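Visitor: mmCIF, C-alpha atoms, saved as work_21.cif, coming up:
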```cif
data_start
#
loop_
_atom_site.label_atom_id
_atom_site.label_comp_id
_atom_site.auth_asym_id
_atom_site.auth_seq_id
_atom_site.Cartn_x
_atom_site.Cartn_y
_atom_site.Cartn_z
CA MET H 299 -24.42 -13.90 -9.56
CA PRO H 300 -22.32 -15.92 -7.11
CA VAL H 301 -20.07 -18.64 -8.51
CA LEU H 302 -20.02 -22.03 -6.81
CA HIS H 303 -16.51 -23.42 -6.81
CA THR H 304 -15.44 -27.01 -6.80
CA PRO H 305 -11.81 -27.82 -5.98
CA SER H 306 -11.04 -28.16 -9.69
CA SER H 307 -12.73 -24.94 -10.70
CA TRP H 308 -10.94 -23.16 -7.88
CA LEU H 309 -7.62 -24.40 -9.21
CA GLY H 310 -8.62 -23.34 -12.70
CA THR H 311 -9.48 -19.85 -11.54
CA TYR H 312 -7.17 -19.13 -8.64
CA CYS H 313 -4.03 -21.02 -9.54
CA PRO H 314 -2.85 -19.37 -12.76
CA SER H 315 0.45 -20.06 -14.43
CA LEU H 316 2.98 -17.25 -14.23
CA GLY H 317 6.13 -17.89 -16.20
CA GLY H 318 6.28 -21.59 -15.46
CA GLN H 319 5.23 -21.29 -11.82
CA PHE H 320 1.75 -21.33 -10.37
CA ALA H 321 0.22 -18.83 -7.94
CA PHE H 322 -2.26 -20.64 -5.68
CA LEU H 323 -4.73 -18.64 -3.63
CA ASP H 324 -5.55 -20.58 -0.48
CA PRO H 325 -9.34 -20.45 -0.06
CA VAL H 326 -9.04 -20.68 3.73
CA SER H 327 -6.15 -18.39 4.70
CA TRP H 328 -6.29 -16.19 1.56
CA GLN H 329 -2.53 -16.41 1.39
CA THR H 330 -0.83 -16.90 -1.95
CA HIS H 331 1.59 -19.78 -2.46
CA GLN H 332 4.12 -20.33 -5.20
CA LEU H 333 3.94 -23.82 -6.70
CA ASN H 334 6.08 -25.56 -9.28
CA ALA H 335 4.53 -27.75 -11.98
CA ASP H 336 4.91 -30.94 -9.95
CA ALA H 337 3.15 -29.47 -6.94
CA TYR H 338 0.39 -28.17 -9.18
CA SER H 339 -0.10 -31.69 -10.57
CA VAL H 340 -0.48 -33.07 -7.06
CA LEU H 341 -3.13 -30.45 -6.28
CA GLU H 342 -4.94 -31.31 -9.53
CA GLU H 343 -5.01 -34.98 -8.59
CA ALA H 344 -6.15 -34.14 -5.08
CA ALA H 345 -8.92 -31.92 -6.41
CA PHE H 346 -10.16 -34.71 -8.66
CA ALA H 347 -10.04 -37.18 -5.77
CA ILE H 348 -12.02 -34.84 -3.52
CA GLU H 349 -14.72 -34.42 -6.16
CA GLN H 350 -14.88 -38.19 -6.70
CA GLN H 351 -15.06 -38.69 -2.92
CA GLN H 352 -11.90 -40.72 -3.13
CA LEU H 353 -9.71 -38.54 -0.98
CA ASP H 354 -8.97 -41.35 1.49
CA ALA H 355 -7.60 -43.50 -1.32
CA PHE H 356 -5.58 -40.55 -2.58
CA LEU H 357 -4.15 -39.94 0.86
CA ALA H 358 -3.23 -43.61 1.12
CA ASP H 359 -1.44 -43.36 -2.23
CA VAL H 360 0.49 -40.33 -1.01
CA GLU H 361 1.45 -42.18 2.15
CA ALA H 362 2.57 -45.19 0.17
CA ALA H 363 4.63 -42.96 -2.13
CA GLY H 364 6.61 -41.63 0.81
CA GLY H 365 4.46 -38.85 2.17
CA TRP H 366 3.65 -35.28 1.22
CA PRO H 367 5.98 -32.89 -0.52
CA PRO H 368 6.72 -29.99 1.84
CA GLY H 369 3.74 -27.74 2.41
CA LEU H 370 1.30 -29.41 0.09
CA GLU H 371 -0.84 -31.32 2.57
CA PHE H 372 -1.96 -28.03 4.10
CA LEU H 373 -3.11 -26.75 0.71
CA VAL H 374 -4.99 -29.95 -0.08
CA ARG H 375 -6.78 -29.65 3.25
CA SER H 376 -7.86 -26.19 2.17
CA LEU H 377 -9.21 -27.60 -1.09
CA THR H 378 -11.30 -30.11 0.84
CA THR H 379 -13.29 -27.22 2.30
CA LEU H 380 -14.56 -26.54 -1.20
CA GLY H 381 -15.87 -30.08 -1.33
CA GLU H 382 -17.50 -29.95 2.06
CA GLU H 383 -18.90 -26.45 2.02
CA GLN H 384 -20.08 -24.48 -0.95
CA THR H 385 -17.71 -21.58 -1.52
CA TYR H 386 -19.00 -18.62 -3.40
CA THR H 387 -17.30 -15.77 -5.07
CA THR H 388 -18.91 -13.00 -6.97
CA MET B 369 -18.58 31.20 8.86
CA SER B 370 -17.04 29.51 11.87
CA SER B 371 -13.41 30.11 12.75
CA PRO B 372 -10.81 27.53 11.69
CA ALA B 373 -10.32 26.53 15.30
CA THR B 374 -13.84 25.24 15.62
CA ALA B 375 -14.71 24.30 12.06
CA CYS B 376 -14.66 20.80 10.71
CA ARG B 377 -12.13 20.90 7.89
CA VAL B 378 -12.39 18.42 5.05
CA LEU B 379 -9.35 17.52 3.00
CA ASP B 380 -9.93 15.96 -0.40
CA VAL B 381 -6.67 14.13 -1.10
CA GLY B 382 -7.87 12.25 -4.16
CA ALA B 383 -8.78 8.68 -3.32
CA ALA B 384 -10.16 9.69 0.06
CA ARG B 385 -11.60 12.53 2.07
CA LEU B 386 -10.45 13.31 5.57
CA ALA B 387 -12.40 15.35 8.09
CA VAL B 388 -10.71 16.83 11.12
CA ILE B 389 -11.89 19.06 13.89
CA SER B 390 -9.57 20.65 16.40
CA PRO B 391 -9.42 23.69 18.67
CA ILE B 392 -5.60 23.66 18.52
CA ALA B 393 -4.67 26.82 16.64
CA SER B 394 -1.08 25.73 15.97
CA PHE B 395 -2.39 22.57 14.30
CA HIS B 396 -4.47 24.56 11.83
CA ALA B 397 -1.45 26.72 11.01
CA GLN B 398 0.62 23.57 10.42
CA LEU B 399 -2.13 22.11 8.25
CA ASP B 400 -2.23 25.28 6.15
CA ALA B 401 1.54 25.10 5.73
CA VAL B 402 1.67 21.56 4.37
CA TYR B 403 -1.56 21.70 2.32
CA PRO B 404 -0.97 25.05 0.62
CA TYR B 405 -2.85 24.14 -2.55
CA MET B 406 -5.82 22.44 -0.95
CA ASP B 407 -9.17 24.05 -1.50
CA VAL B 408 -11.15 24.86 1.58
CA ILE B 409 -14.11 22.53 1.62
CA ALA B 410 -17.12 23.05 3.77
CA ASP B 411 -18.11 19.92 5.64
CA GLU B 412 -20.43 18.27 3.16
CA GLY B 413 -20.97 15.11 5.12
CA PHE B 414 -18.99 12.21 3.80
CA ALA B 415 -15.41 11.53 4.79
CA ASP B 416 -13.54 8.22 4.75
CA VAL B 417 -11.83 9.17 7.98
CA ARG B 418 -13.19 11.57 10.55
CA VAL B 419 -11.01 12.53 13.49
CA SER B 420 -10.74 15.05 16.27
CA LEU B 421 -7.47 16.40 17.59
CA LEU B 422 -8.06 17.53 21.13
CA PRO B 423 -5.82 18.81 23.91
CA GLU B 424 -5.23 16.35 26.71
CA THR B 425 -7.56 17.19 29.56
CA ARG B 426 -4.99 16.22 32.19
CA VAL B 427 -2.19 18.71 31.71
CA LEU B 428 1.23 17.91 33.11
CA PRO B 429 3.59 20.89 33.64
CA GLY B 430 5.54 21.50 30.44
CA ARG B 431 3.93 18.56 28.70
CA ARG B 432 0.80 19.72 26.96
CA GLN B 433 -0.32 16.97 24.66
CA ALA B 434 -2.80 16.32 21.87
CA ARG B 435 -4.87 13.20 21.38
CA LEU B 436 -6.37 11.94 18.17
CA TRP B 437 -9.91 10.69 18.53
CA SER B 438 -11.71 8.58 15.98
CA GLU B 439 -15.22 7.30 16.50
CA GLY B 440 -15.00 7.61 20.25
CA ASP B 441 -11.66 5.86 20.48
CA CYS B 442 -8.06 6.99 20.94
CA PRO B 443 -6.07 4.50 18.91
CA PHE B 444 -2.69 6.18 19.45
CA GLU B 445 -0.58 7.55 22.24
CA PRO B 446 -0.76 11.35 22.57
CA TYR B 447 1.78 13.67 20.95
CA PRO B 448 3.07 17.00 22.23
CA LEU B 449 0.52 19.68 21.52
CA ASN B 450 2.86 21.49 19.15
CA ALA B 451 3.39 18.30 17.14
CA ALA B 452 -0.25 17.62 16.37
CA LEU B 453 0.36 17.57 12.61
CA PRO B 454 2.52 14.40 12.58
CA LEU B 455 -0.07 12.74 14.81
CA PHE B 456 -2.83 13.69 12.38
CA GLU B 457 -0.89 12.58 9.30
CA TRP B 458 0.24 9.24 10.70
CA GLY B 459 -2.98 8.56 12.54
CA SER B 460 -5.23 9.31 9.59
CA ASN B 461 -3.00 7.27 7.28
CA TRP B 462 -3.34 4.31 9.62
CA LEU B 463 -7.10 4.74 9.72
CA LEU B 464 -7.22 4.92 5.91
CA SER B 465 -5.22 1.70 5.70
CA GLN B 466 -7.91 0.00 7.78
CA ARG B 467 -10.87 1.32 5.83
CA LEU B 468 -10.28 1.72 2.12
CA ASN B 469 -11.12 -1.85 1.26
CA ALA B 470 -12.79 -0.98 -2.00
CA TYR B 471 -9.23 -0.83 -3.36
CA LEU B 472 -6.12 -2.92 -3.22
CA LEU B 473 -3.96 -0.79 -0.93
CA LEU B 474 -0.26 -1.18 -1.51
CA HIS B 475 2.30 0.20 0.90
CA ALA B 476 4.00 2.07 -1.89
CA GLY B 477 5.09 5.34 -3.32
CA VAL B 478 3.45 6.15 -6.63
CA LEU B 479 4.54 8.59 -9.29
CA ALA B 480 3.43 9.08 -12.85
CA ARG B 481 4.50 10.45 -16.17
CA ASP B 482 2.15 10.91 -19.11
CA GLY B 483 -0.57 9.01 -17.29
CA GLN B 484 1.66 5.97 -16.72
CA ALA B 485 2.40 4.96 -13.15
CA LEU B 486 5.57 3.92 -11.41
CA ILE B 487 4.79 1.94 -8.24
CA LEU B 488 7.39 1.67 -5.47
CA PRO B 489 6.22 -0.95 -2.95
CA ALA B 490 8.46 -1.26 0.08
CA ALA B 491 8.59 -2.04 3.77
CA PRO B 492 8.98 0.83 6.23
CA GLY B 493 12.56 2.07 6.38
CA SER B 494 13.37 1.21 2.77
CA GLY B 495 13.73 4.81 1.65
CA LYS B 496 10.46 4.81 -0.27
CA THR B 497 9.35 8.27 0.86
CA THR B 498 12.69 9.93 0.11
CA LEU B 499 12.90 8.28 -3.30
CA SER B 500 9.31 9.28 -4.12
CA CYS B 501 10.04 12.91 -3.24
CA ALA B 502 13.28 12.96 -5.20
CA LEU B 503 11.56 11.51 -8.27
CA HIS B 504 8.87 14.16 -7.92
CA LEU B 505 11.51 16.90 -7.91
CA ALA B 506 12.98 15.24 -11.01
CA GLY B 507 9.75 15.87 -12.87
CA TRP B 508 7.38 13.04 -12.01
CA ARG B 509 3.82 13.68 -10.91
CA PHE B 510 3.41 12.83 -7.22
CA LEU B 511 0.52 10.49 -6.43
CA SER B 512 1.58 9.25 -3.01
CA ASP B 513 4.57 8.34 -0.88
CA GLU B 514 2.57 5.84 1.18
CA PHE B 515 -0.44 4.37 -0.62
CA GLY B 516 -0.66 2.62 -3.94
CA VAL B 517 -4.43 2.77 -4.30
CA VAL B 518 -5.37 0.30 -7.04
CA ASP B 519 -8.88 0.15 -8.48
CA ILE B 520 -9.70 -3.57 -8.42
CA GLU B 521 -11.93 -3.36 -11.49
CA ARG B 522 -10.16 -0.90 -13.77
CA ARG B 523 -6.67 -1.74 -12.45
CA GLU B 524 -5.72 1.92 -12.37
CA VAL B 525 -3.92 3.77 -9.60
CA LEU B 526 -5.65 6.60 -7.77
CA PRO B 527 -3.66 9.44 -6.24
CA MET B 528 -3.61 10.07 -2.51
CA VAL B 529 -1.80 13.39 -2.50
CA ARG B 530 -0.63 14.19 0.99
CA PRO B 531 2.55 15.76 2.37
CA ALA B 532 5.28 13.16 2.71
CA PRO B 533 6.84 12.74 6.17
CA LEU B 534 10.61 12.88 5.82
CA LYS B 535 12.54 11.59 8.78
CA ASN B 536 15.96 12.35 10.25
CA ALA B 537 18.76 12.47 7.65
CA SER B 538 16.26 12.47 4.77
CA ILE B 539 15.12 15.95 5.78
CA GLU B 540 18.41 17.62 4.93
CA VAL B 541 18.92 15.37 1.91
CA MET B 542 15.69 16.65 0.42
CA ARG B 543 16.06 20.21 1.66
CA ALA B 544 19.29 20.44 -0.32
CA ARG B 545 17.51 19.58 -3.56
CA ALA B 546 16.38 22.34 -5.87
CA GLY B 547 12.67 23.00 -5.67
CA ALA B 548 12.06 21.13 -2.43
CA ARG B 549 9.44 22.67 -0.19
CA LEU B 550 9.18 21.42 3.37
CA GLY B 551 6.80 22.17 6.20
CA PRO B 552 7.78 22.84 9.81
CA LEU B 553 10.33 20.64 11.55
CA PHE B 554 9.11 18.45 14.41
CA PRO B 555 12.19 17.37 16.37
CA GLY B 556 12.25 14.30 18.57
CA THR B 557 8.97 12.60 17.71
CA ARG B 558 8.63 8.86 18.33
CA LYS B 559 9.92 8.36 14.79
CA GLY B 560 12.72 10.89 15.17
CA ASP B 561 12.87 14.32 13.58
CA VAL B 562 10.10 14.83 11.04
CA ALA B 563 9.38 17.42 8.37
CA HIS B 564 6.78 17.09 5.63
CA PHE B 565 7.69 17.38 1.98
CA ILE B 566 5.01 19.28 0.06
CA PRO B 567 4.14 18.00 -3.43
CA ASN B 568 3.74 20.69 -6.05
CA ARG B 569 0.56 22.43 -7.07
CA GLN B 570 0.14 20.41 -10.25
CA SER B 571 0.15 17.14 -8.31
CA PHE B 572 -2.45 18.44 -5.87
CA GLN B 573 -4.60 19.68 -8.70
CA ALA B 574 -4.31 16.32 -10.49
CA ARG B 575 -5.37 14.36 -7.41
CA HIS B 576 -8.37 12.90 -9.22
CA GLU B 577 -6.44 11.88 -12.32
CA ARG B 578 -5.74 8.17 -12.34
CA ALA B 579 -2.69 6.53 -13.86
CA THR B 580 -2.15 3.21 -15.58
CA PRO B 581 0.45 0.97 -13.89
CA ARG B 582 3.51 0.45 -16.07
CA LEU B 583 6.52 -0.19 -13.87
CA VAL B 584 6.90 -1.71 -10.39
CA VAL B 585 10.17 -1.20 -8.55
CA PHE B 586 10.80 -2.58 -5.07
CA PRO B 587 13.39 -0.12 -3.70
CA ARG B 588 15.86 -0.64 -0.91
CA PHE B 589 18.18 2.12 0.22
CA THR B 590 21.38 0.80 1.79
CA PRO B 591 24.03 3.38 2.74
CA GLY B 592 27.14 2.89 0.64
CA ALA B 593 25.63 0.16 -1.50
CA ALA B 594 26.44 -0.08 -5.19
CA LEU B 595 23.48 0.15 -7.52
CA SER B 596 21.87 -3.24 -8.10
CA CYS B 597 18.83 -3.78 -10.27
CA VAL B 598 17.34 -7.25 -10.63
CA SER B 599 14.46 -8.14 -12.92
CA LEU B 600 11.66 -10.01 -11.18
CA ASN B 601 9.43 -12.59 -12.81
CA PRO B 602 5.65 -12.18 -12.53
CA MET B 603 5.44 -14.67 -9.67
CA GLN B 604 7.98 -12.73 -7.64
CA ALA B 605 6.05 -9.58 -8.43
CA VAL B 606 2.76 -11.06 -7.17
CA LEU B 607 4.34 -12.21 -3.94
CA GLY B 608 6.05 -8.85 -3.46
CA LEU B 609 2.84 -6.93 -4.05
CA GLY B 610 0.99 -9.12 -1.58
CA GLN B 611 3.67 -8.69 1.05
CA ASN B 612 3.61 -4.92 0.64
CA SER B 613 -0.13 -4.52 0.85
CA PHE B 614 -2.32 -3.36 3.71
CA ASN B 615 -5.31 -5.47 2.70
CA TYR B 616 -4.28 -8.12 0.18
CA GLN B 617 -5.57 -11.04 2.26
CA ALA B 618 -8.63 -9.13 3.42
CA LEU B 619 -9.70 -8.66 -0.19
CA GLY B 620 -9.50 -12.40 -0.90
CA THR B 621 -10.07 -13.19 -4.57
CA ALA B 622 -10.27 -9.51 -5.55
CA GLY B 623 -6.82 -8.78 -4.14
CA PHE B 624 -5.39 -11.88 -5.78
CA GLU B 625 -6.82 -11.10 -9.20
CA THR B 626 -5.65 -7.51 -9.01
CA ALA B 627 -2.11 -8.50 -8.05
CA ILE B 628 -2.01 -11.09 -10.85
CA ALA B 629 -3.21 -8.50 -13.34
CA LEU B 630 -0.61 -5.98 -12.17
CA ALA B 631 2.15 -8.57 -12.47
CA ARG B 632 1.07 -9.47 -15.98
CA THR B 633 0.75 -5.93 -17.28
CA THR B 634 3.84 -4.33 -15.74
CA ARG B 635 7.55 -5.02 -15.51
CA ALA B 636 8.97 -5.48 -12.02
CA TYR B 637 12.44 -4.98 -10.58
CA ARG B 638 14.21 -5.01 -7.24
CA LEU B 639 16.45 -1.96 -6.86
CA THR B 640 19.12 -1.62 -4.18
CA TYR B 641 20.95 1.67 -4.09
CA GLY B 642 23.18 3.87 -2.00
CA ASP B 643 23.02 6.96 -4.17
CA LEU B 644 19.72 8.69 -4.76
CA ASP B 645 20.65 10.18 -8.14
CA GLU B 646 21.83 6.81 -9.44
CA ALA B 647 18.51 5.30 -8.40
CA ILE B 648 16.59 8.04 -10.20
CA ALA B 649 18.62 7.57 -13.38
CA GLN B 650 18.07 3.81 -13.25
CA ILE B 651 14.33 4.20 -12.78
CA GLU B 652 14.18 6.67 -15.66
CA HIS B 653 15.96 4.10 -17.82
CA LEU B 654 13.64 1.28 -16.74
CA PHE B 655 10.56 3.38 -17.35
CA VAL B 656 11.65 4.30 -20.86
CA SER B 657 12.70 0.75 -21.68
CA THR B 658 9.31 -0.67 -20.68
CA ALA B 659 7.41 1.60 -23.05
#
```
Would you mind writing the file out in structure tokens?

Guide:
Amino acid sequence: MPVLHTPSSWLGTYCPSLGGQFAFLDPVSWQTHQLNADAYSVLEEAAFAIEQQQLDAFLADVEAAGGWPPGLEFLVRSLTTLGEEQTYTT
Amino acid sequence: MSSPATACRVLDVGAARLAVISPIASFHAQLDAVYPYMDVIADEGFADVRVSLLPETRVLPGRRQARLWSEGDCPFEPYPLNAALPLFEWGSNWLLSQRLNAYLLLHAGVLARDGQALILPAAPGSGKTTLSCALHLAGWRFLSDEFGVVDIERREVLPMVRPAPLKNASIEVMRARAGARLGPLFPGTRKGDVAHFIPNRQSFQARHERATPRLVVFPRFTPGAALSCVSLNPMQAVLGLGQNSFNYQALGTAGFETAIALARTTRAYRLTYGDLDEAIAQIEHLFVSTA
């Protein structure tokens, strides 16, 4: 039975902790990225914002806080595809 | 029964079956030399890779060549007619790397002891083939020098027992080792001089016996280098496995989950060495210590 993923469920399934780091599987490129705990927290907040349809406000907060940490904006954009299109895995 | 020169020969190498047809008599003799323990299989239909090795129709004086055909296409440049075996081995390996997507395919040597697997993922030129052959001569079962074939559900490694192409200086290094059996020498191929190391009968016969991953070592041969062995954390192992895979991204979530599982259930190290025997001793130590 296919599984429908939200951004949060994707993070829960495809961003496991490995010895204090997190391995994030990008649902668009299928590349794997190494994240520290802070970066993981940003993705968690972004995922919640996407699901609450508050991504614009989240992006404004990021901008006000000085911009994106290196490389993270790209990964958040990938998470938005889970909000816009239903992504299935088996 | 048809003659070898016209028959379709099927090689069961464990995780895959290869079918090849060729009228080139010298190729069949070379194939017999490097697959001495392979049963003769009548063509029973299925093969993962099916190729034809045919003489070039346009013959230049002194330059008779062979082409490898696969599904109506010639994916590689021709080789000299008398070097059809390296063309078949490399060409069919490349085709396998494009097709076996039911497995996570690592670019790795794999050996085993007591059903437990040692995986040696490495980029080309790292000394992976030479190290795999040397470990085999030191008593390890040979599963592959090229493919770490990982079952994405059971997380076991399947053998792909084929002759290992030694190149240039590695040929004499291995020939000097007790018990080494090599096929014919092919001088001056595009990859240099090549001779195939032949795994022993027991490894061929065990080509359907899987092994459970236990130790992952990323080897790097550097001439003159002192032995250096660095423990890798699971994250480094995942990234290393992904980088040394033929189809990690193509498998998407399945490749990711398999790499994560491998990293969590094995110990991983990066090994730099300049002396083959020191590397073997270190790997033996690591394997025992991870029991």

Visitor: With distances taken over all atoms listed in the file, which of B:Arg543, B:Arg523, B:Arg575, B:Lys535 is nearest to Gly493 (chain B)?

Guide: B:Lys535

Visitor: Evaluate the PyMOL selection byres ((chain B) within 9 of (chain H)) on the structure here and hand back the selected residues as a list of chain:residue names.

Guide: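 After applying the PyMOL selection byres ((chain B) within 9 of (chain H)), what remains is B:Asn601, B:Pro602, B:Met603, B:Gln604, B:Val606, B:Leu607, B:Gly610, B:Tyr616, B:Gln617, B:Ala618, B:Leu619, B:Gly620, B:Thr621, B:Phe624, B:Glu625, B:Ile628, B:Ala631, B:Arg632.
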
Visitor: Give me, please, the distance in Å between CA of Gln650 (chain B) and CA of Ser596 (chain B), quoted to one decimal.

Guide: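 Distance reported for this atom pair: 9.5 Å.
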
Visitor: If you take all atoms listed in the file and a cut-off of 10 Å, which residues of region 497-522 of chain B touch region 375-390 of chain B, and what are their nearest atom pairs and distances in Å to one decimal, in chain and number order, as CSV?

Guide:
```
residue,atom,partner,partner_atom,distance
B:Leu511,CA,B:Gly382,CA,8.9
B:Ser512,CA,B:Val381,CA,9.8
B:Phe515,CA,B:Ala383,CA,9.8
B:Val517,CA,B:Ala383,CA,7.4
B:Val518,CA,B:Ala383,CA,9.8
B:Asp519,CA,B:Ala383,CA,10.0
```

Visitor: Taking (4.0, 1.6, -15.2) in the coordinates of the supplied file, I want to know which residues reach to within 8 Å of it, counting only C-alpha atoms; could you give the answer as a ChimeraX atom specification?

Guide: /B:480,484-487,580-584,634-635,655,658

Visitor: Which residue out of B:Leu630, B:Thr557, B:Glu521, B:Asn612 has the minimum interatomic distance to Glu445 (chain B) when all atoms listed in the file are used?

Guide: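 Among the listed residues, B:Thr557 lies closest to Glu445 (chain B).
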
Visitor: Determine the residue membership of the PyMOL selection byres ((chain B and resi 437) around 12) for the file above and supply it as a PyMOL selection string.

Guide: chain B and resi 387-390+417-424+434-436+438-446+455-456+459-460+463

Visitor: Quote the spacing between CA of Leu644 (chain B) and CA of Thr497 (chain B) in Å to one decimal place.

Guide: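 One can read the CA of Leu644 (chain B) to CA of Thr497 (chain B) distance as 11.8 Å.
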